[in-house]
$ cat start04.pdb   # PDB, C-alpha atoms and all ligand atoms
ATOM      1  CA  MET A   6     112.060 105.588 103.369
ATOM      2  CA  LEU A   7     113.374 103.285 100.680
ATOM      3  CA  ASN A   8     112.312 104.255  97.162
ATOM      4  CA  PHE A   9     110.677 100.957  96.416
ATOM      5  CA  LEU A  10     108.684 100.953  99.635
ATOM      6  CA  LYS A  11     107.289 104.448  98.924
ATOM      7  CA  ASP A  12     104.912 103.187  96.258
ATOM      8  CA  ILE A  13     103.609 100.101  97.979
ATOM      9  CA  LYS A  14     100.127  98.682  98.418
ATOM     10  CA  ILE A  15      99.574  96.351 101.368
ATOM     11  CA  VAL A  16      96.510  94.081 101.493
ATOM     12  CA  CYS A  17      95.875  92.257 104.790
ATOM     13  CA  LEU A  18      93.446  89.347 104.789
ATOM     14  CA  ASP A  19      92.201  87.152 107.589
ATOM     15  CA  GLU A  20      91.855  84.155 105.325
ATOM     16  CA  VAL A  21      92.660  83.302 101.712
ATOM     17  CA  ASP A  22      93.443  80.139  99.757
ATOM     18  CA  SER A  23      97.018  81.221  99.033
ATOM     19  CA  THR A  24      98.540  84.702  98.958
ATOM     20  CA  ASN A  25     100.461  83.749  95.780
ATOM     21  CA  GLU A  26      97.200  82.696  94.095
ATOM     22  CA  TYR A  27      95.473  85.885  95.284
ATOM     23  CA  LEU A  28      98.159  87.960  93.596
ATOM     24  CA  LYS A  29      97.873  85.923  90.409
ATOM     25  CA  ARG A  30      94.118  86.603  90.319
ATOM     26  CA  ASN A  31      94.674  90.300  91.092
ATOM     27  CA  LEU A  32      97.811  91.179  89.213
ATOM     28  CA  PRO A  33      99.452  94.263  90.737
ATOM     29  CA  ASP A  34      98.627  97.740  89.475
ATOM     30  CA  LYS A  35     101.496  99.164  91.528
ATOM     31  CA  ARG A  36     105.215  98.535  91.268
ATOM     32  CA  LEU A  37     105.034  96.645  94.550
ATOM     33  CA  THR A  38     101.990  94.989  96.118
ATOM     34  CA  VAL A  39     102.058  92.932  99.294
ATOM     35  CA  VAL A  40      99.344  90.491 100.273
ATOM     36  CA  ARG A  41      99.476  89.125 103.781
ATOM     37  CA  ALA A  42      97.136  86.552 105.319
ATOM     38  CA  HIS A  43      96.749  85.163 108.810
ATOM     39  CA  HIS A  44      95.388  81.896 107.491
ATOM     40  CA  GLN A  45      95.814  80.104 104.164
ATOM     41  CA  THR A  46      93.375  77.317 103.317
ATOM     42  CA  ALA A  47      95.478  76.065 100.388
ATOM     43  CA  GLY A  48      98.993  77.351 101.031
ATOM     44  CA  LYS A  49     101.420  76.315  98.313
ATOM     45  CA  GLY A  50     104.969  75.081  98.664
ATOM     46  CA  ARG A  51     107.602  74.356  96.023
ATOM     47  CA  ASN A  52     107.339  71.310  93.761
ATOM     48  CA  GLY A  53     103.571  71.051  94.201
ATOM     49  CA  ASN A  54     103.821  70.632  97.969
ATOM     50  CA  VAL A  55     101.384  72.241 100.385
ATOM     51  CA  TRP A  56     102.386  74.852 102.947
ATOM     52  CA  VAL A  57     100.533  74.262 106.188
ATOM     53  CA  SER A  58     100.728  76.922 108.873
ATOM     54  CA  GLU A  59      98.843  77.405 112.135
ATOM     55  CA  PRO A  60      96.400  80.347 111.715
ATOM     56  CA  TYR A  61      97.584  83.626 113.298
ATOM     57  CA  ALA A  62     100.796  82.053 114.614
ATOM     58  CA  ASN A  63     103.166  82.825 111.740
ATOM     59  CA  VAL A  64     103.989  85.282 108.988
ATOM     60  CA  MET A  65     102.769  84.485 105.490
ATOM     61  CA  PHE A  66     102.742  86.920 102.620
ATOM     62  CA  SER A  67     103.437  87.411  98.947
ATOM     63  CA  LEU A  68     105.126  90.319  97.264
ATOM     64  CA  GLY A  69     104.152  91.173  93.714
ATOM     65  CA  VAL A  70     106.914  93.127  92.020
ATOM     66  CA  VAL A  71     106.553  94.474  88.516
ATOM     67  CA  LEU A  72     109.902  94.359  86.745
ATOM     68  CA  ASP A  73     111.064  95.342  83.330
ATOM     69  CA  ALA A  74     111.327  92.274  81.081
ATOM     70  CA  SER A  75     115.031  93.046  80.613
ATOM     71  CA  MET A  76     115.484  91.728  84.196
ATOM     72  CA  GLY A  77     114.285  88.299  83.017
ATOM     73  CA  LYS A  78     117.816  86.887  82.932
ATOM     74  CA  ASP A  79     118.516  88.029  86.480
ATOM     75  CA  LEU A  80     115.465  86.553  88.187
ATOM     76  CA  PHE A  81     117.392  84.142  90.412
ATOM     77  CA  TYR A  82     118.603  87.224  92.276
ATOM     78  CA  MET A  83     115.041  87.606  93.567
ATOM     79  CA  SER A  84     115.472  84.227  95.172
ATOM     80  CA  LYS A  85     118.892  85.139  96.557
ATOM     81  CA  LEU A  86     117.789  88.479  97.968
ATOM     82  CA  THR A  87     114.657  87.028  99.557
ATOM     83  CA  SER A  88     116.506  84.267 101.379
ATOM     84  CA  VAL A  89     119.123  86.804 102.513
ATOM     85  CA  ALA A  90     116.393  89.123 103.871
ATOM     86  CA  VAL A  91     114.769  86.246 105.783
ATOM     87  CA  VAL A  92     118.089  85.095 107.265
ATOM     88  CA  GLU A  93     118.988  88.646 108.335
ATOM     89  CA  THR A  94     115.577  89.188 109.933
ATOM     90  CA  LEU A  95     116.010  85.980 111.910
ATOM     91  CA  ARG A  96     119.583  86.756 112.963
ATOM     92  CA  LYS A  97     118.375  90.107 114.350
ATOM     93  CA  LYS A  98     116.173  87.994 116.608
ATOM     94  CA  ASN A  99     119.144  85.842 117.641
ATOM     95  CA  VAL A 100     118.113  82.885 115.521
ATOM     96  CA  ASP A 101     121.136  81.276 113.849
ATOM     97  CA  ALA A 102     119.520  80.755 110.454
ATOM     98  CA  PHE A 103     121.244  79.873 107.203
ATOM     99  CA  VAL A 104     120.278  79.448 103.559
ATOM    100  CA  LYS A 105     119.762  75.911 102.393
ATOM    101  CA  TRP A 106     120.257  76.104  98.643
ATOM    102  CA  PRO A 107     118.413  77.244  96.673
ATOM    103  CA  ASN A 108     116.270  79.396  98.951
ATOM    104  CA  ASP A 109     115.045  77.517 102.018
ATOM    105  CA  VAL A 110     115.931  78.941 105.387
ATOM    106  CA  TRP A 111     116.951  76.464 108.059
ATOM    107  CA  VAL A 112     118.167  76.485 111.650
ATOM    108  CA  LYS A 113     120.402  73.475 112.411
ATOM    109  CA  ASN A 114     118.522  70.569 110.861
ATOM    110  CA  ARG A 115     115.072  72.139 110.682
ATOM    111  CA  LYS A 116     113.310  74.389 108.240
ATOM    112  CA  ILE A 117     112.079  77.723 109.581
ATOM    113  CA  ALA A 118     111.008  79.471 106.368
ATOM    114  CA  GLY A 119     110.108  78.644 102.797
ATOM    115  CA  ILE A 120     110.006  80.792  99.680
ATOM    116  CA  LEU A 121     107.927  80.195  96.567
ATOM    117  CA  ILE A 122     108.644  82.420  93.564
ATOM    118  CA  GLU A 123     106.373  82.432  90.523
ATOM    119  CA  ASN A 124     106.995  84.658  87.517
ATOM    120  CA  ILE A 125     104.230  85.881  85.248
ATOM    121  CA  PHE A 126     105.151  87.443  81.927
ATOM    122  CA  MET A 127     102.788  90.373  81.379
ATOM    123  CA  GLN A 128     101.953  92.907  78.674
ATOM    124  CA  HIS A 129     104.108  95.956  77.959
ATOM    125  CA  LYS A 130     107.345  94.018  78.378
ATOM    126  CA  THR A 131     106.994  93.527  82.112
ATOM    127  CA  ILE A 132     107.299  90.563  84.422
ATOM    128  CA  CYS A 133     105.334  90.207  87.620
ATOM    129  CA  CYS A 134     107.476  88.373  90.087
ATOM    130  CA  ILE A 135     105.387  86.868  92.880
ATOM    131  CA  VAL A 136     107.502  86.137  95.913
ATOM    132  CA  GLY A 137     105.697  84.098  98.570
ATOM    133  CA  ILE A 138     107.268  83.820 102.015
ATOM    134  CA  GLY A 139     106.177  81.637 104.905
ATOM    135  CA  LEU A 140     108.097  82.213 108.140
ATOM    136  CA  ASN A 141     107.368  80.191 111.267
ATOM    137  CA  VAL A 142     107.135  82.571 114.202
ATOM    138  CA  ASN A 143     105.125  81.284 117.178
ATOM    139  CA  GLN A 144     104.035  77.818 116.065
ATOM    140  CA  CYS A 145     105.393  75.081 118.330
ATOM    141  CA  ASP A 146     103.804  71.903 117.019
ATOM    142  CA  PHE A 147     104.611  70.847 113.460
ATOM    143  CA  GLY A 148     103.026  67.409 113.687
ATOM    144  CA  GLY A 149     106.202  65.440 113.062
ATOM    145  CA  PHE A 150     107.630  67.641 110.283
ATOM    146  CA  ASP A 151     111.266  68.699 110.636
ATOM    147  CA  ALA A 152     110.334  72.337 111.134
ATOM    148  CA  THR A 153     111.069  74.982 113.706
ATOM    149  CA  SER A 154     110.012  78.533 114.578
ATOM    150  CA  ILE A 155     111.396  81.645 116.263
ATOM    151  CA  LYS A 156     109.548  80.629 119.428
ATOM    152  CA  LEU A 157     111.020  77.119 119.447
ATOM    153  CA  GLU A 158     114.529  78.513 118.899
ATOM    154  CA  THR A 159     114.416  81.380 121.405
ATOM    155  CA  GLY A 160     111.602  80.528 123.809
ATOM    156  CA  ILE A 161     110.168  83.981 123.130
ATOM    157  CA  THR A 162     106.747  84.764 121.654
ATOM    158  CA  SER A 163     107.120  87.432 118.951
ATOM    159  CA  ASP A 164     104.697  90.010 117.673
ATOM    160  CA  THR A 165     103.948  88.731 114.150
ATOM    161  CA  ASP A 166     103.312  92.304 112.901
ATOM    162  CA  GLU A 167     106.750  93.358 114.088
ATOM    163  CA  VAL A 168     108.387  90.361 112.358
ATOM    164  CA  PHE A 169     106.419  91.067 109.165
ATOM    165  CA  TYR A 170     107.452  94.742 108.980
ATOM    166  CA  SER A 171     111.051  93.997 109.895
ATOM    167  CA  LEU A 172     111.242  91.414 107.095
ATOM    168  CA  LEU A 173     109.479  93.699 104.626
ATOM    169  CA  GLU A 174     111.904  96.527 105.325
ATOM    170  CA  ASN A 175     114.912  94.290 104.983
ATOM    171  CA  TRP A 176     113.559  92.760 101.802
ATOM    172  CA  GLY A 177     112.981  96.279 100.387
ATOM    173  CA  LEU A 178     116.590  97.134 101.120
ATOM    174  CA  TRP A 179     117.813  94.126  99.179
ATOM    175  CA  LEU A 180     115.371  94.807  96.360
ATOM    176  CA  GLU A 181     117.026  98.218  95.976
ATOM    177  CA  ASN A 182     120.292  96.333  95.499
ATOM    178  CA  MET A 183     118.688  94.265  92.753
ATOM    179  CA  MET A 184     117.357  97.398  91.059
ATOM    180  CA  ARG A 185     120.862  98.875  91.191
ATOM    181  CA  LYS A 186     122.156  95.573  89.749
ATOM    182  CA  ASN A 187     124.520  95.176  92.659
ATOM    183  CA  TRP A 188     125.103  91.528  91.712
ATOM    184  CA  GLU A 189     128.483  91.293  93.441
ATOM    185  CA  GLY A 190     127.166  92.635  96.747
ATOM    186  CA  MET A 191     124.166  90.338  96.660
ATOM    187  CA  ASP A 192     126.261  87.310  95.745
ATOM    188  CA  GLU A 193     128.710  88.003  98.542
ATOM    189  CA  VAL A 194     126.022  88.142 101.213
ATOM    190  CA  TYR A 195     124.073  85.167  99.826
ATOM    191  CA  HIS A 196     127.236  83.054  99.827
ATOM    192  CA  ASN A 197     128.034  84.129 103.392
ATOM    193  CA  TYR A 198     124.764  82.621 104.552
ATOM    194  CA  LEU A 199     125.307  79.248 102.861
ATOM    195  CA  PRO A 200     126.599  76.419 105.072
ATOM    196  CA  ALA A 201     129.964  76.118 103.244
ATOM    197  CA  LYS A 202     132.513  78.463 101.734
ATOM    198  CA  CYS A 203     134.119  78.184  98.308
ATOM    199  CA  GLY A 204     136.709  75.363  98.371
ATOM    200  CA  GLU A 205     135.081  73.446 101.226
ATOM    201  CA  GLU A 206     133.953  69.866 100.901
ATOM    202  CA  ILE A 207     130.194  69.325 100.873
ATOM    203  CA  LEU A 208     127.757  66.419 100.733
ATOM    204  CA  LEU A 209     125.184  66.100  97.993
ATOM    205  CA  ASN A 210     122.270  63.757  97.511
ATOM    206  CA  ILE A 211     122.212  63.026  93.804
ATOM    207  CA  GLY A 212     119.373  60.740  92.779
ATOM    208  CA  GLY A 213     119.287  59.161  96.249
ATOM    209  CA  LYS A 214     123.072  58.580  96.353
ATOM    210  CA  VAL A 215     125.197  60.620  98.770
ATOM    211  CA  GLN A 216     128.320  62.007  97.083
ATOM    212  CA  ARG A 217     131.122  64.354  98.109
ATOM    213  CA  GLY A 218     132.248  67.387  96.169
ATOM    214  CA  VAL A 219     134.046  70.693  96.617
ATOM    215  CA  PHE A 220     131.700  73.659  96.713
ATOM    216  CA  ASP A 221     132.485  76.441  94.270
ATOM    217  CA  ARG A 222     129.453  78.755  94.090
ATOM    218  CA  VAL A 223     125.784  79.182  93.273
ATOM    219  CA  ASP A 224     125.880  80.864  89.878
ATOM    220  CA  ARG A 225     123.701  83.730  88.619
ATOM    221  CA  ASN A 226     121.087  81.288  87.336
ATOM    222  CA  GLY A 227     120.887  79.422  90.637
ATOM    223  CA  TYR A 228     122.913  76.375  89.619
ATOM    224  CA  LEU A 229     125.001  74.768  92.336
ATOM    225  CA  CYS A 230     128.569  74.543  91.006
ATOM    226  CA  VAL A 231     130.618  71.772  92.595
ATOM    227  CA  LYS A 232     133.960  70.221  91.702
ATOM    228  CA  MET A 233     133.618  66.432  91.521
ATOM    229  CA  GLU A 234     136.119  63.919  90.196
ATOM    230  CA  GLY A 235     138.274  66.728  88.840
ATOM    231  CA  ALA A 236     135.519  68.430  86.828
ATOM    232  CA  MET A 237     133.194  71.360  87.593
ATOM    233  CA  LYS A 238     129.596  70.170  87.635
ATOM    234  CA  ARG A 239     126.430  72.278  87.676
ATOM    235  CA  PHE A 240     123.261  71.023  89.301
ATOM    236  CA  ASP A 241     119.789  72.473  89.292
ATOM    237  CA  MET A 242     117.568  72.087  92.318
ATOM    238  CA  ASP A 243     115.828  68.996  90.915
ATOM    239  CA  GLU A 244     119.087  67.166  90.252
ATOM    240  CA  ALA A 245     120.806  67.488  93.610
ATOM    241  CA  LYS A 246     120.061  68.227  97.239
ATOM    242  CA  TRP A 247     122.787  69.833  99.323
ATOM    243  CA  ILE A 248     123.074  68.107 102.700
ATOM    244  CA  PRO A 249     124.530  70.726 105.055
ATOM    245  CA  GLU A 250     127.134  69.244 107.418
ATOM    246  CA  ARG A 251     125.237  70.664 110.361
ATOM    247  CA  VAL A 252     122.316  68.476 109.342
ATOM    248  CA  LYS A 253     122.683  65.077 110.932
ATOM    249  CA  MET A 254     121.609  62.306 108.584
TER     250      MET A 254
HETATM  251  C1  LIG B   1     108.430  75.941 100.221
HETATM  252  O1  LIG B   1     109.377  75.929 101.001
HETATM  253  O2  LIG B   1     108.018  74.889  99.717
HETATM  254  C2  LIG B   1     107.810  77.255  99.863
HETATM  255  C3  LIG B   1     106.773  77.656 100.853
HETATM  256  C4  LIG B   1     106.145  79.018 100.567
HETATM  257  C5  LIG B   1     105.000  79.328 101.485
HETATM  258  C6  LIG B   1     104.489  80.731 101.298
HETATM  259  S1  LIG B   1     103.317  81.192 102.523
HETATM  260  C7  LIG B   1     102.909  82.629 101.633
HETATM  261  C8  LIG B   1     102.900  82.248 100.170
HETATM  262  N1  LIG B   1     101.602  81.739  99.781
HETATM  263  C9  LIG B   1     101.639  80.443  99.445
HETATM  264  O3  LIG B   1     100.670  79.759  99.095
HETATM  265  N2  LIG B   1     102.897  79.996  99.555
HETATM  266  C10 LIG B   1     103.821  81.026  99.971
END

$ encode --input "start04.pdb" --output "structure tokens" --more "lines below"
Ligand code: BTN
Amino acid sequence: MLNFLKDIKIVCLDEVDSTNEYLKRNLPDKRLTVVRAHHQTAGKGRNGNVWVSEPYANVMFSLGVVLDASMGKDLFYMSKLTSVAVVETLRKKNVDAFVKWPNDVWVKNRKIAGILIENIFMQHKTICCIVGIGLNVNQCDFGGFDATSIKLETGITSDTDEVFYSLLENWGLWLENMMRKNWEGMDEVYHNYLPAKCGEEILLNIGGKVQRGVFDRVDRNGYLCVKMEGAMKRFDMDEAKWIPERVKM
């Protein structure tokens, strides 16, 4: 068993407002606490959005990881490793998922999973990193949203427990890499799952205007580095949206 997963507390709830909020109200007393719910009444997405998910159809959980404050400068790796773990879990189920920068997981032109990371600075020089993951498993109707699920992609109904544990194990493996500060290894895999390689031309939506650039990398702080008009530019996730070429506009 992986070291990090040895000392783990798992809380399973039928219903909660949001697993991220639950963890914030009950800050972890263990190095790693996982809160899973079958139904969220007020699921949260990034940028103040809501995360709506059919009860019992999908996998929704939050991981509370207590880190030493010295890891504060490396926190974007939590985002990288989580999206990598989700992509790998999906690929094992023959779903051709990829990372849509910064940490969404898409299949073709639809979103299959979302990740919401919230960091709480605690006493004794520690940070509690709350990593919320919503993965669409058996839901088939998204009411007009551009979303998909394992079932829609493969035609197969999955056991949500099996998907949850497979993702948790994979995530634990990547967390070990973060603890070992294997930045190069994590960067390599994260970049492999992006829709373009270094040196390839990509499309960006910058303030509503579509522009071309040459992809360089996503740096250690999560900035998208792109060569445009002869200069290297860095964008944060609020400044630019990457439009993957496989996404038809
Ligand atoms: C996004 O793509 O906007 C992020 C979505 C994150 C959803 C998950 S579901 C489990 C956890 N609890 C929440 O309230 N949100 C995250």

$ closest_residue --input "start04.pdb" --among "A:Phe150, A:Gly139, A:Arg225, A:Thr94" --to "Lys186 in chain A" --atoms "all atoms listed in the file"
A:Arg225

$ residues_around --input "start04.pdb" --residues "Asn226 in chain A" --least-positions-apart "2" --cutoff "7 Å" --atoms "only C-alpha atoms" --output "PyMOL selection string"
chain A and resi 81+224+228

$ residues_near_ligand --input "start04.pdb" --ligand "ligand LIG 1 (chain B)" --cutoff "10 Å" --atoms "only C-alpha atoms and all ligand atoms" --output "ChimeraX atom specification"
/A:21-28,40-58,63-68,108-110,116-123,135-141

$ write_last_selection --input "start04.pdb" --atoms "C-alpha atoms" --output "tab-separated table (two decimals), in the frame of the given file"
chain	number	residue	atom	x	y	z
A	21	VAL	CA	92.66	83.30	101.71
A	22	ASP	CA	93.44	80.14	99.76
A	23	SER	CA	97.02	81.22	99.03
A	24	THR	CA	98.54	84.70	98.96
A	25	ASN	CA	100.46	83.75	95.78
A	26	GLU	CA	97.20	82.70	94.10
A	27	TYR	CA	95.47	85.88	95.28
A	28	LEU	CA	98.16	87.96	93.60
A	40	VAL	CA	99.34	90.49	100.27
A	41	ARG	CA	99.48	89.12	103.78
A	42	ALA	CA	97.14	86.55	105.32
A	43	HIS	CA	96.75	85.16	108.81
A	44	HIS	CA	95.39	81.90	107.49
A	45	GLN	CA	95.81	80.10	104.16
A	46	THR	CA	93.38	77.32	103.32
A	47	ALA	CA	95.48	76.06	100.39
A	48	GLY	CA	98.99	77.35	101.03
A	49	LYS	CA	101.42	76.32	98.31
A	50	GLY	CA	104.97	75.08	98.66
A	51	ARG	CA	107.60	74.36	96.02
A	52	ASN	CA	107.34	71.31	93.76
A	53	GLY	CA	103.57	71.05	94.20
A	54	ASN	CA	103.82	70.63	97.97
A	55	VAL	CA	101.38	72.24	100.38
A	56	TRP	CA	102.39	74.85	102.95
A	57	VAL	CA	100.53	74.26	106.19
A	58	SER	CA	100.73	76.92	108.87
A	63	ASN	CA	103.17	82.82	111.74
A	64	VAL	CA	103.99	85.28	108.99
A	65	MET	CA	102.77	84.48	105.49
A	66	PHE	CA	102.74	86.92	102.62
A	67	SER	CA	103.44	87.41	98.95
A	68	LEU	CA	105.13	90.32	97.26
A	108	ASN	CA	116.27	79.40	98.95
A	109	ASP	CA	115.04	77.52	102.02
A	110	VAL	CA	115.93	78.94	105.39
A	116	LYS	CA	113.31	74.39	108.24
A	117	ILE	CA	112.08	77.72	109.58
A	118	ALA	CA	111.01	79.47	106.37
A	119	GLY	CA	110.11	78.64	102.80
A	120	ILE	CA	110.01	80.79	99.68
A	121	LEU	CA	107.93	80.19	96.57
A	122	ILE	CA	108.64	82.42	93.56
A	123	GLU	CA	106.37	82.43	90.52
A	135	ILE	CA	105.39	86.87	92.88
A	136	VAL	CA	107.50	86.14	95.91
A	137	GLY	CA	105.70	84.10	98.57
A	138	ILE	CA	107.27	83.82	102.02
A	139	GLY	CA	106.18	81.64	104.90
A	140	LEU	CA	108.10	82.21	108.14
A	141	ASN	CA	107.37	80.19	111.27

$ closest_residue --input "start04.pdb" --among "A:Met76, A:Leu180, A:Leu209, A:Ile132" --to "Leu32 in chain A" --atoms "only C-alpha atoms"
A:Ile132

$ atom_distance --input "start04.pdb" --atom1 "CA of Val142 in chain A" --atom2 "CA of Val168 in chain A"
8.1 Å

$ atom_distance --input "start04.pdb" --atom1 "CA of Cys145 in chain A" --atom2 "CA of Leu157 in chain A"
6.1 Å

$ atom_distance --input "start04.pdb" --atom1 "CA of Glu250 in chain A" --atom2 "CA of Ile207 in chain A"
7.2 Å

$ closest_residue --input "start04.pdb" --among "A:Lys11, A:Lys29, A:Lys105, A:Lys97" --to "Met242 in chain A" --atoms "only C-alpha atoms"
A:Lys105

$ closest_residue --input "start04.pdb" --among "A:Asp12, A:Ile248, A:Ser84, A:Val223" --to "Trp111 in chain A" --atoms "all atoms listed in the file"
A:Ile248

$ closest_residue --input "start04.pdb" --among "A:Asn175, A:Ser154, A:Thr165, A:Ser88" --to "Arg115 in chain A" --atoms "all atoms listed in the file"
A:Ser154
